[in-house]
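Some notes on the structure that comes next.
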Amino acid sequence: MEIVTLEDNIAKLKNIYKMSDDLINKLLYTNETTYPYHPIEMSALLTHVNIDEEQRLCTIIEGMYRNIGISYETVAAYCDIDTEELEEFLRNPESLTEKKKFILAVRVMFLHHILKEKYTVET
């Protein structure tokens, strides 16, 4: 198991992702009390970006569906695709063209951004 340290993550943010000290401080040490991440968690999220983008997109769509009840029909309408295409994408991400995936991703991320406070799960 790899041990992750805040110092290592900060070094990656500086050297690999070219972040300034000011930006790192702003991102990791915010003064907002409602901010959900501890500095080590935030640094880990920012430095471990080797995720499957298609799976992440599916997870966000399914989260909005499950947690706030946004229908697949609504998501499809926002993304200018048929509901059947969206449902097939959720089963098989390779089913959409790259152009449709791009449009889907941009629009779903916009929806996620503006709606995320509405479906944050309380712990």
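Residue names in the structure tokens use chain letters A, B, ... in the order shown, residue numbers from 1 in each chain, and ligand numbers from 1 in the order shown.
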Check: Counting only C-alpha atoms, what is within 9 Å of Leu90 in chain A, bar same-chain residues fewer than 3 positions away, as a VMD selection string?
Finding: chain A and resid 55 57 to 59 61 to 62 85 to 87 93
Could you save the residues just selected, with C-alpha atoms, as a compact mmCIF listing (two decimals), in the first residue's frame?
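That gives us selection.txt:
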# COMPACT_ATOMS: atom_id res chain seq x y z
CA GLN A 55 -17.13 5.83 -15.55
CA LEU A 57 -19.52 10.64 -15.88
CA CYS A 58 -21.83 7.64 -15.42
CA THR A 59 -21.39 7.88 -11.64
CA ILE A 61 -25.44 10.94 -13.80
CA GLU A 62 -26.51 8.04 -11.60
CA GLU A 85 -28.96 6.73 -26.04
CA LEU A 86 -28.27 7.94 -22.50
CA GLU A 87 -29.44 4.69 -20.94
CA PRO A 93 -19.98 3.97 -22.48
Could you pull the residues within 12 Å of Lys26 in chain A, counting only C-alpha atoms, minus those fewer than 6 positions along the same chain, as a ChimeraX atom specification? /A:19-20,32,39,42-43
Emit the selected residues as a PDB file, in the first residue's frame, including C-alpha atoms.
ATOM      1  CA  MET A  19       0.343  25.317  -9.174  1.00  0.00           C
ATOM      2  CA  SER A  20       1.621  28.345  -7.306  1.00  0.00           C
ATOM      3  CA  GLU A  32     -14.880  27.988   4.925  1.00  0.00           C
ATOM      4  CA  PRO A  39      -6.076  19.249   3.150  1.00  0.00           C
ATOM      5  CA  MET A  42      -8.116  17.568  -1.244  1.00  0.00           C
ATOM      6  CA  SER A  43      -4.468  17.150  -2.191  1.00  0.00           C
TER       7      SER A  43
END
Looking at only C-alpha atoms, which of A:Thr30, A:His48, A:Glu88, A:Phe102 is the one that sits closest to Lys12 in chain A?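 Using only C-alpha atoms, Lys12 in chain A sits closest to A:His48.
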*Rounded to one decimal place, report the CA of Arg107 in chain A-CA of Ala76 in chain A distance in Å.*
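Distance between the two atoms: 9.8 Å.
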Could you name the residues that touch Leu111 in chain A at 10 Å or less, counting only C-alpha atoms, but leaving out those on the same chain fewer than 4 positions away, as a compact mmCIF listing (two decimals) with N, CA and C atoms, in the first residue's frame?
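Dumped everything to out10.txt:
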# COMPACT_ATOMS: atom_id res chain seq x y z
N ILE A 60 -21.72 10.28 -11.92
CA ILE A 60 -22.36 11.56 -11.65
C ILE A 60 -23.81 11.55 -12.11
N ILE A 61 -24.06 11.03 -13.30
CA ILE A 61 -25.44 10.94 -13.80
C ILE A 61 -26.28 10.09 -12.87
N MET A 64 -27.02 11.95 -9.57
CA MET A 64 -28.09 12.95 -9.69
C MET A 64 -29.45 12.27 -9.77
N VAL A 75 -31.98 14.53 -18.17
CA VAL A 75 -30.55 14.62 -18.49
C VAL A 75 -30.36 14.53 -20.00
N TYR A 78 -31.30 17.79 -21.69
CA TYR A 78 -30.26 18.81 -21.54
C TYR A 78 -29.08 18.54 -22.46
N ALA A 105 -20.66 15.15 -21.50
CA ALA A 105 -19.79 15.45 -20.37
C ALA A 105 -19.87 16.92 -19.97
N VAL A 106 -19.80 17.81 -20.92
CA VAL A 106 -19.83 19.24 -20.61
C VAL A 106 -21.16 19.63 -19.98
N ARG A 107 -22.23 19.16 -20.54
CA ARG A 107 -23.54 19.55 -20.02
C ARG A 107 -23.85 18.88 -18.69
N LEU A 115 -26.21 21.92 -9.42
CA LEU A 115 -27.14 21.16 -8.58
C LEU A 115 -26.47 20.43 -7.41
N LYS A 116 -25.15 20.39 -7.36
CA LYS A 116 -24.47 19.54 -6.38
C LYS A 116 -24.84 19.83 -4.94
Which of chain A counts as alpha helix (DSSP H) under DSSP, as a PDB file with N, CA and C atoms, in the first residue's frame please?
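To be explicit, this is the file written out as selection_12.pdb:
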ATOM      1  N   LEU A   6       0.873  14.654   2.695  1.00  0.00           N
ATOM      2  CA  LEU A   6       0.514  15.984   2.229  1.00  0.00           C
ATOM      3  C   LEU A   6       1.704  16.646   1.535  1.00  0.00           C
ATOM      4  N   GLU A   7       2.877  16.451   2.073  1.00  0.00           N
ATOM      5  CA  GLU A   7       4.073  17.059   1.490  1.00  0.00           C
ATOM      6  C   GLU A   7       4.330  16.543   0.069  1.00  0.00           C
ATOM      7  N   ASP A   8       4.189  15.220  -0.112  1.00  0.00           N
ATOM      8  CA  ASP A   8       4.375  14.643  -1.450  1.00  0.00           C
ATOM      9  C   ASP A   8       3.336  15.185  -2.425  1.00  0.00           C
ATOM     10  N   ASN A   9       2.096  15.277  -1.952  1.00  0.00           N
ATOM     11  CA  ASN A   9       1.044  15.787  -2.827  1.00  0.00           C
ATOM     12  C   ASN A   9       1.266  17.246  -3.191  1.00  0.00           C
ATOM     13  N   ILE A  10       1.708  18.042  -2.235  1.00  0.00           N
ATOM     14  CA  ILE A  10       1.994  19.452  -2.522  1.00  0.00           C
ATOM     15  C   ILE A  10       3.128  19.556  -3.537  1.00  0.00           C
ATOM     16  N   ALA A  11       4.145  18.720  -3.401  1.00  0.00           N
ATOM     17  CA  ALA A  11       5.241  18.716  -4.377  1.00  0.00           C
ATOM     18  C   ALA A  11       4.720  18.380  -5.773  1.00  0.00           C
ATOM     19  N   LYS A  12       3.809  17.406  -5.882  1.00  0.00           N
ATOM     20  CA  LYS A  12       3.216  17.068  -7.182  1.00  0.00           C
ATOM     21  C   LYS A  12       2.413  18.236  -7.736  1.00  0.00           C
ATOM     22  N   LEU A  13       1.637  18.885  -6.864  1.00  0.00           N
ATOM     23  CA  LEU A  13       0.839  20.025  -7.324  1.00  0.00           C
ATOM     24  C   LEU A  13       1.739  21.128  -7.881  1.00  0.00           C
ATOM     25  N   LYS A  14       2.884  21.338  -7.254  1.00  0.00           N
ATOM     26  CA  LYS A  14       3.821  22.365  -7.712  1.00  0.00           C
ATOM     27  C   LYS A  14       4.558  21.930  -8.974  1.00  0.00           C
ATOM     28  N   ASN A  15       5.134  20.741  -8.944  1.00  0.00           N
ATOM     29  CA  ASN A  15       6.042  20.320 -10.010  1.00  0.00           C
ATOM     30  C   ASN A  15       5.345  19.740 -11.240  1.00  0.00           C
ATOM     31  N   ASP A  21       2.202  28.561  -4.967  1.00  0.00           N
ATOM     32  CA  ASP A  21       1.977  28.416  -3.531  1.00  0.00           C
ATOM     33  C   ASP A  21       0.665  29.069  -3.116  1.00  0.00           C
ATOM     34  N   ASP A  22       0.369  30.233  -3.693  1.00  0.00           N
ATOM     35  CA  ASP A  22      -0.876  30.928  -3.358  1.00  0.00           C
ATOM     36  C   ASP A  22      -2.094  30.079  -3.709  1.00  0.00           C
ATOM     37  N   LEU A  23      -2.085  29.478  -4.892  1.00  0.00           N
ATOM     38  CA  LEU A  23      -3.218  28.654  -5.300  1.00  0.00           C
ATOM     39  C   LEU A  23      -3.343  27.414  -4.407  1.00  0.00           C
ATOM     40  N   ILE A  24      -2.227  26.784  -4.112  1.00  0.00           N
ATOM     41  CA  ILE A  24      -2.247  25.602  -3.235  1.00  0.00           C
ATOM     42  C   ILE A  24      -2.817  25.966  -1.872  1.00  0.00           C
ATOM     43  N   ASN A  25      -2.379  27.075  -1.322  1.00  0.00           N
ATOM     44  CA  ASN A  25      -2.902  27.510  -0.021  1.00  0.00           C
ATOM     45  C   ASN A  25      -4.398  27.780  -0.086  1.00  0.00           C
ATOM     46  N   LYS A  26      -4.829  28.407  -1.154  1.00  0.00           N
ATOM     47  CA  LYS A  26      -6.244  28.710  -1.321  1.00  0.00           C
ATOM     48  C   LYS A  26      -7.071  27.428  -1.435  1.00  0.00           C
ATOM     49  N   LEU A  27      -6.559  26.443  -2.164  1.00  0.00           N
ATOM     50  CA  LEU A  27      -7.292  25.202  -2.372  1.00  0.00           C
ATOM     51  C   LEU A  27      -7.282  24.282  -1.150  1.00  0.00           C
ATOM     52  N   LEU A  28      -6.157  24.220  -0.472  1.00  0.00           N
ATOM     53  CA  LEU A  28      -6.033  23.264   0.625  1.00  0.00           C
ATOM     54  C   LEU A  28      -6.414  23.822   1.990  1.00  0.00           C
ATOM     55  N   PRO A  39      -7.143  19.013   4.129  1.00  0.00           N
ATOM     56  CA  PRO A  39      -6.076  19.249   3.150  1.00  0.00           C
ATOM     57  C   PRO A  39      -5.484  17.983   2.524  1.00  0.00           C
ATOM     58  N   ILE A  40      -5.284  16.927   3.302  1.00  0.00           N
ATOM     59  CA  ILE A  40      -4.714  15.699   2.723  1.00  0.00           C
ATOM     60  C   ILE A  40      -5.694  15.074   1.731  1.00  0.00           C
ATOM     61  N   GLU A  41      -6.994  15.138   2.037  1.00  0.00           N
ATOM     62  CA  GLU A  41      -7.995  14.587   1.112  1.00  0.00           C
ATOM     63  C   GLU A  41      -8.034  15.393  -0.182  1.00  0.00           C
ATOM     64  N   MET A  42      -8.066  16.713  -0.052  1.00  0.00           N
ATOM     65  CA  MET A  42      -8.116  17.568  -1.244  1.00  0.00           C
ATOM     66  C   MET A  42      -6.859  17.377  -2.079  1.00  0.00           C
ATOM     67  N   SER A  43      -5.709  17.321  -1.439  1.00  0.00           N
ATOM     68  CA  SER A  43      -4.468  17.150  -2.191  1.00  0.00           C
ATOM     69  C   SER A  43      -4.451  15.801  -2.903  1.00  0.00           C
ATOM     70  N   ALA A  44      -4.998  14.775  -2.257  1.00  0.00           N
ATOM     71  CA  ALA A  44      -5.063  13.451  -2.890  1.00  0.00           C
ATOM     72  C   ALA A  44      -5.994  13.479  -4.101  1.00  0.00           C
ATOM     73  N   LEU A  45      -7.129  14.153  -3.965  1.00  0.00           N
ATOM     74  CA  LEU A  45      -8.053  14.272  -5.102  1.00  0.00           C
ATOM     75  C   LEU A  45      -7.390  14.990  -6.276  1.00  0.00           C
ATOM     76  N   LEU A  46      -6.637  16.034  -5.986  1.00  0.00           N
ATOM     77  CA  LEU A  46      -6.004  16.828  -7.043  1.00  0.00           C
ATOM     78  C   LEU A  46      -4.801  16.148  -7.684  1.00  0.00           C
ATOM     79  N   THR A  47      -4.150  15.251  -6.976  1.00  0.00           N
ATOM     80  CA  THR A  47      -2.944  14.620  -7.528  1.00  0.00           C
ATOM     81  C   THR A  47      -3.189  13.228  -8.093  1.00  0.00           C
ATOM     82  N   GLU A  53     -12.705   8.531 -17.090  1.00  0.00           N
ATOM     83  CA  GLU A  53     -13.597   9.662 -17.281  1.00  0.00           C
ATOM     84  C   GLU A  53     -15.020   9.226 -17.606  1.00  0.00           C
ATOM     85  N   GLU A  54     -15.159   8.192 -18.424  1.00  0.00           N
ATOM     86  CA  GLU A  54     -16.496   7.729 -18.785  1.00  0.00           C
ATOM     87  C   GLU A  54     -17.222   7.163 -17.568  1.00  0.00           C
ATOM     88  N   GLN A  55     -16.508   6.391 -16.753  1.00  0.00           N
ATOM     89  CA  GLN A  55     -17.131   5.834 -15.553  1.00  0.00           C
ATOM     90  C   GLN A  55     -17.499   6.933 -14.577  1.00  0.00           C
ATOM     91  N   ARG A  56     -16.659   7.939 -14.449  1.00  0.00           N
ATOM     92  CA  ARG A  56     -16.953   9.072 -13.557  1.00  0.00           C
ATOM     93  C   ARG A  56     -18.209   9.794 -14.025  1.00  0.00           C
ATOM     94  N   LEU A  57     -18.343   9.990 -15.325  1.00  0.00           N
ATOM     95  CA  LEU A  57     -19.523  10.638 -15.884  1.00  0.00           C
ATOM     96  C   LEU A  57     -20.775   9.822 -15.575  1.00  0.00           C
ATOM     97  N   CYS A  58     -20.696   8.516 -15.744  1.00  0.00           N
ATOM     98  CA  CYS A  58     -21.829   7.638 -15.421  1.00  0.00           C
ATOM     99  C   CYS A  58     -22.180   7.745 -13.937  1.00  0.00           C
ATOM    100  N   THR A  59     -21.170   7.782 -13.084  1.00  0.00           N
ATOM    101  CA  THR A  59     -21.386   7.879 -11.641  1.00  0.00           C
ATOM    102  C   THR A  59     -22.101   9.178 -11.280  1.00  0.00           C
ATOM    103  N   ILE A  60     -21.720  10.276 -11.921  1.00  0.00           N
ATOM    104  CA  ILE A  60     -22.357  11.563 -11.647  1.00  0.00           C
ATOM    105  C   ILE A  60     -23.813  11.551 -12.109  1.00  0.00           C
ATOM    106  N   ILE A  61     -24.060  11.027 -13.299  1.00  0.00           N
ATOM    107  CA  ILE A  61     -25.436  10.939 -13.799  1.00  0.00           C
ATOM    108  C   ILE A  61     -26.284  10.087 -12.867  1.00  0.00           C
ATOM    109  N   GLU A  62     -25.771   8.934 -12.486  1.00  0.00           N
ATOM    110  CA  GLU A  62     -26.514   8.043 -11.600  1.00  0.00           C
ATOM    111  C   GLU A  62     -26.716   8.666 -10.218  1.00  0.00           C
ATOM    112  N   GLY A  63     -25.737   9.436  -9.750  1.00  0.00           N
ATOM    113  CA  GLY A  63     -25.876  10.126  -8.462  1.00  0.00           C
ATOM    114  C   GLY A  63     -26.965  11.178  -8.495  1.00  0.00           C
ATOM    115  N   MET A  64     -27.025  11.953  -9.566  1.00  0.00           N
ATOM    116  CA  MET A  64     -28.090  12.953  -9.685  1.00  0.00           C
ATOM    117  C   MET A  64     -29.453  12.270  -9.769  1.00  0.00           C
ATOM    118  N   TYR A  65     -29.516  11.162 -10.490  1.00  0.00           N
ATOM    119  CA  TYR A  65     -30.763  10.400 -10.628  1.00  0.00           C
ATOM    120  C   TYR A  65     -31.215   9.849  -9.268  1.00  0.00           C
ATOM    121  N   ARG A  66     -30.286   9.233  -8.566  1.00  0.00           N
ATOM    122  CA  ARG A  66     -30.592   8.579  -7.293  1.00  0.00           C
ATOM    123  C   ARG A  66     -30.852   9.586  -6.170  1.00  0.00           C
ATOM    124  N   ASN A  67     -30.060  10.636  -6.082  1.00  0.00           N
ATOM    125  CA  ASN A  67     -30.099  11.515  -4.920  1.00  0.00           C
ATOM    126  C   ASN A  67     -31.060  12.693  -5.022  1.00  0.00           C
ATOM    127  N   ILE A  68     -31.331  13.180  -6.230  1.00  0.00           N
ATOM    128  CA  ILE A  68     -32.302  14.273  -6.328  1.00  0.00           C
ATOM    129  C   ILE A  68     -33.466  13.931  -7.248  1.00  0.00           C
ATOM    130  N   TYR A  72     -33.530  10.349 -16.271  1.00  0.00           N
ATOM    131  CA  TYR A  72     -32.656  10.170 -17.436  1.00  0.00           C
ATOM    132  C   TYR A  72     -33.218  10.952 -18.617  1.00  0.00           C
ATOM    133  N   GLU A  73     -34.515  11.054 -18.695  1.00  0.00           N
ATOM    134  CA  GLU A  73     -35.156  11.824 -19.764  1.00  0.00           C
ATOM    135  C   GLU A  73     -34.750  13.297 -19.688  1.00  0.00           C
ATOM    136  N   THR A  74     -34.714  13.835 -18.479  1.00  0.00           N
ATOM    137  CA  THR A  74     -34.300  15.232 -18.292  1.00  0.00           C
ATOM    138  C   THR A  74     -32.833  15.419 -18.649  1.00  0.00           C
ATOM    139  N   VAL A  75     -31.980  14.525 -18.167  1.00  0.00           N
ATOM    140  CA  VAL A  75     -30.547  14.617 -18.488  1.00  0.00           C
ATOM    141  C   VAL A  75     -30.356  14.529 -20.000  1.00  0.00           C
ATOM    142  N   ALA A  76     -31.030  13.589 -20.642  1.00  0.00           N
ATOM    143  CA  ALA A  76     -30.918  13.425 -22.091  1.00  0.00           C
ATOM    144  C   ALA A  76     -31.369  14.693 -22.816  1.00  0.00           C
ATOM    145  N   ALA A  77     -32.471  15.294 -22.344  1.00  0.00           N
ATOM    146  CA  ALA A  77     -32.966  16.522 -22.979  1.00  0.00           C
ATOM    147  C   ALA A  77     -31.936  17.642 -22.870  1.00  0.00           C
ATOM    148  N   TYR A  78     -31.302  17.793 -21.694  1.00  0.00           N
ATOM    149  CA  TYR A  78     -30.257  18.808 -21.537  1.00  0.00           C
ATOM    150  C   TYR A  78     -29.082  18.538 -22.464  1.00  0.00           C
ATOM    151  N   THR A  83     -33.272   9.595 -24.802  1.00  0.00           N
ATOM    152  CA  THR A  83     -33.196   8.906 -23.514  1.00  0.00           C
ATOM    153  C   THR A  83     -32.596   7.520 -23.689  1.00  0.00           C
ATOM    154  N   GLU A  84     -32.958   6.846 -24.761  1.00  0.00           N
ATOM    155  CA  GLU A  84     -32.421   5.506 -25.015  1.00  0.00           C
ATOM    156  C   GLU A  84     -30.905   5.547 -25.197  1.00  0.00           C
ATOM    157  N   GLU A  85     -30.406   6.600 -25.860  1.00  0.00           N
ATOM    158  CA  GLU A  85     -28.955   6.734 -26.041  1.00  0.00           C
ATOM    159  C   GLU A  85     -28.259   6.913 -24.693  1.00  0.00           C
ATOM    160  N   LEU A  86     -28.861   7.724 -23.820  1.00  0.00           N
ATOM    161  CA  LEU A  86     -28.274   7.944 -22.502  1.00  0.00           C
ATOM    162  C   LEU A  86     -28.260   6.647 -21.698  1.00  0.00           C
ATOM    163  N   GLU A  87     -29.379   5.942 -21.691  1.00  0.00           N
ATOM    164  CA  GLU A  87     -29.444   4.691 -20.940  1.00  0.00           C
ATOM    165  C   GLU A  87     -28.461   3.658 -21.479  1.00  0.00           C
ATOM    166  N   GLU A  88     -28.299   3.612 -22.806  1.00  0.00           N
ATOM    167  CA  GLU A  88     -27.310   2.694 -23.398  1.00  0.00           C
ATOM    168  C   GLU A  88     -25.897   3.120 -23.004  1.00  0.00           C
ATOM    169  N   PHE A  89     -25.631   4.433 -22.973  1.00  0.00           N
ATOM    170  CA  PHE A  89     -24.322   4.936 -22.548  1.00  0.00           C
ATOM    171  C   PHE A  89     -24.018   4.490 -21.122  1.00  0.00           C
ATOM    172  N   LEU A  90     -25.027   4.544 -20.246  1.00  0.00           N
ATOM    173  CA  LEU A  90     -24.817   4.132 -18.853  1.00  0.00           C
ATOM    174  C   LEU A  90     -24.482   2.649 -18.749  1.00  0.00           C
ATOM    175  N   ARG A  91     -24.998   1.856 -19.669  1.00  0.00           N
ATOM    176  CA  ARG A  91     -24.681   0.416 -19.691  1.00  0.00           C
ATOM    177  C   ARG A  91     -23.371   0.141 -20.424  1.00  0.00           C
ATOM    178  N   GLU A  98     -17.618  10.100 -29.966  1.00  0.00           N
ATOM    179  CA  GLU A  98     -16.792  10.998 -29.157  1.00  0.00           C
ATOM    180  C   GLU A  98     -17.440  12.375 -29.044  1.00  0.00           C
ATOM    181  N   LYS A  99     -18.028  12.861 -30.123  1.00  0.00           N
ATOM    182  CA  LYS A  99     -18.679  14.176 -30.096  1.00  0.00           C
ATOM    183  C   LYS A  99     -19.838  14.174 -29.105  1.00  0.00           C
ATOM    184  N   LYS A 100     -20.676  13.139 -29.152  1.00  0.00           N
ATOM    185  CA  LYS A 100     -21.810  13.076 -28.222  1.00  0.00           C
ATOM    186  C   LYS A 100     -21.334  12.926 -26.782  1.00  0.00           C
ATOM    187  N   LYS A 101     -20.251  12.167 -26.557  1.00  0.00           N
ATOM    188  CA  LYS A 101     -19.691  12.031 -25.211  1.00  0.00           C
ATOM    189  C   LYS A 101     -19.194  13.373 -24.697  1.00  0.00           C
ATOM    190  N   PHE A 102     -18.566  14.139 -25.564  1.00  0.00           N
ATOM    191  CA  PHE A 102     -18.059  15.449 -25.174  1.00  0.00           C
ATOM    192  C   PHE A 102     -19.207  16.360 -24.754  1.00  0.00           C
ATOM    193  N   ILE A 103     -20.242  16.428 -25.582  1.00  0.00           N
ATOM    194  CA  ILE A 103     -21.396  17.268 -25.266  1.00  0.00           C
ATOM    195  C   ILE A 103     -22.050  16.788 -23.974  1.00  0.00           C
ATOM    196  N   LEU A 104     -22.219  15.482 -23.837  1.00  0.00           N
ATOM    197  CA  LEU A 104     -22.793  14.902 -22.625  1.00  0.00           C
ATOM    198  C   LEU A 104     -21.970  15.299 -21.405  1.00  0.00           C
ATOM    199  N   ALA A 105     -20.661  15.151 -21.505  1.00  0.00           N
ATOM    200  CA  ALA A 105     -19.787  15.452 -20.370  1.00  0.00           C
ATOM    201  C   ALA A 105     -19.866  16.922 -19.967  1.00  0.00           C
ATOM    202  N   VAL A 106     -19.802  17.814 -20.925  1.00  0.00           N
ATOM    203  CA  VAL A 106     -19.826  19.244 -20.614  1.00  0.00           C
ATOM    204  C   VAL A 106     -21.155  19.629 -19.978  1.00  0.00           C
ATOM    205  N   ARG A 107     -22.232  19.161 -20.539  1.00  0.00           N
ATOM    206  CA  ARG A 107     -23.543  19.548 -20.021  1.00  0.00           C
ATOM    207  C   ARG A 107     -23.851  18.879 -18.685  1.00  0.00           C
ATOM    208  N   VAL A 108     -23.460  17.629 -18.516  1.00  0.00           N
ATOM    209  CA  VAL A 108     -23.681  16.964 -17.231  1.00  0.00           C
ATOM    210  C   VAL A 108     -22.837  17.630 -16.150  1.00  0.00           C
ATOM    211  N   MET A 109     -21.612  17.989 -16.465  1.00  0.00           N
ATOM    212  CA  MET A 109     -20.778  18.656 -15.470  1.00  0.00           C
ATOM    213  C   MET A 109     -21.352  20.016 -15.099  1.00  0.00           C
ATOM    214  N   PHE A 110     -21.953  20.710 -16.057  1.00  0.00           N
ATOM    215  CA  PHE A 110     -22.622  21.974 -15.749  1.00  0.00           C
ATOM    216  C   PHE A 110     -23.792  21.720 -14.795  1.00  0.00           C
ATOM    217  N   LEU A 111     -24.634  20.738 -15.120  1.00  0.00           N
ATOM    218  CA  LEU A 111     -25.751  20.394 -14.230  1.00  0.00           C
ATOM    219  C   LEU A 111     -25.243  20.002 -12.846  1.00  0.00           C
ATOM    220  N   HIS A 112     -24.220  19.178 -12.825  1.00  0.00           N
ATOM    221  CA  HIS A 112     -23.636  18.743 -11.552  1.00  0.00           C
ATOM    222  C   HIS A 112     -23.160  19.949 -10.745  1.00  0.00           C
ATOM    223  N   HIS A 113     -22.513  20.875 -11.409  1.00  0.00           N
ATOM    224  CA  HIS A 113     -21.986  22.056 -10.729  1.00  0.00           C
ATOM    225  C   HIS A 113     -23.102  22.888 -10.104  1.00  0.00           C
ATOM    226  N   ILE A 114     -24.170  23.114 -10.840  1.00  0.00           N
ATOM    227  CA  ILE A 114     -25.213  23.975 -10.296  1.00  0.00           C
ATOM    228  C   ILE A 114     -26.164  23.248  -9.349  1.00  0.00           C
ATOM    229  N   LEU A 115     -26.213  21.916  -9.424  1.00  0.00           N
ATOM    230  CA  LEU A 115     -27.138  21.160  -8.578  1.00  0.00           C
ATOM    231  C   LEU A 115     -26.473  20.430  -7.414  1.00  0.00           C
TER     232      LEU A 115
END
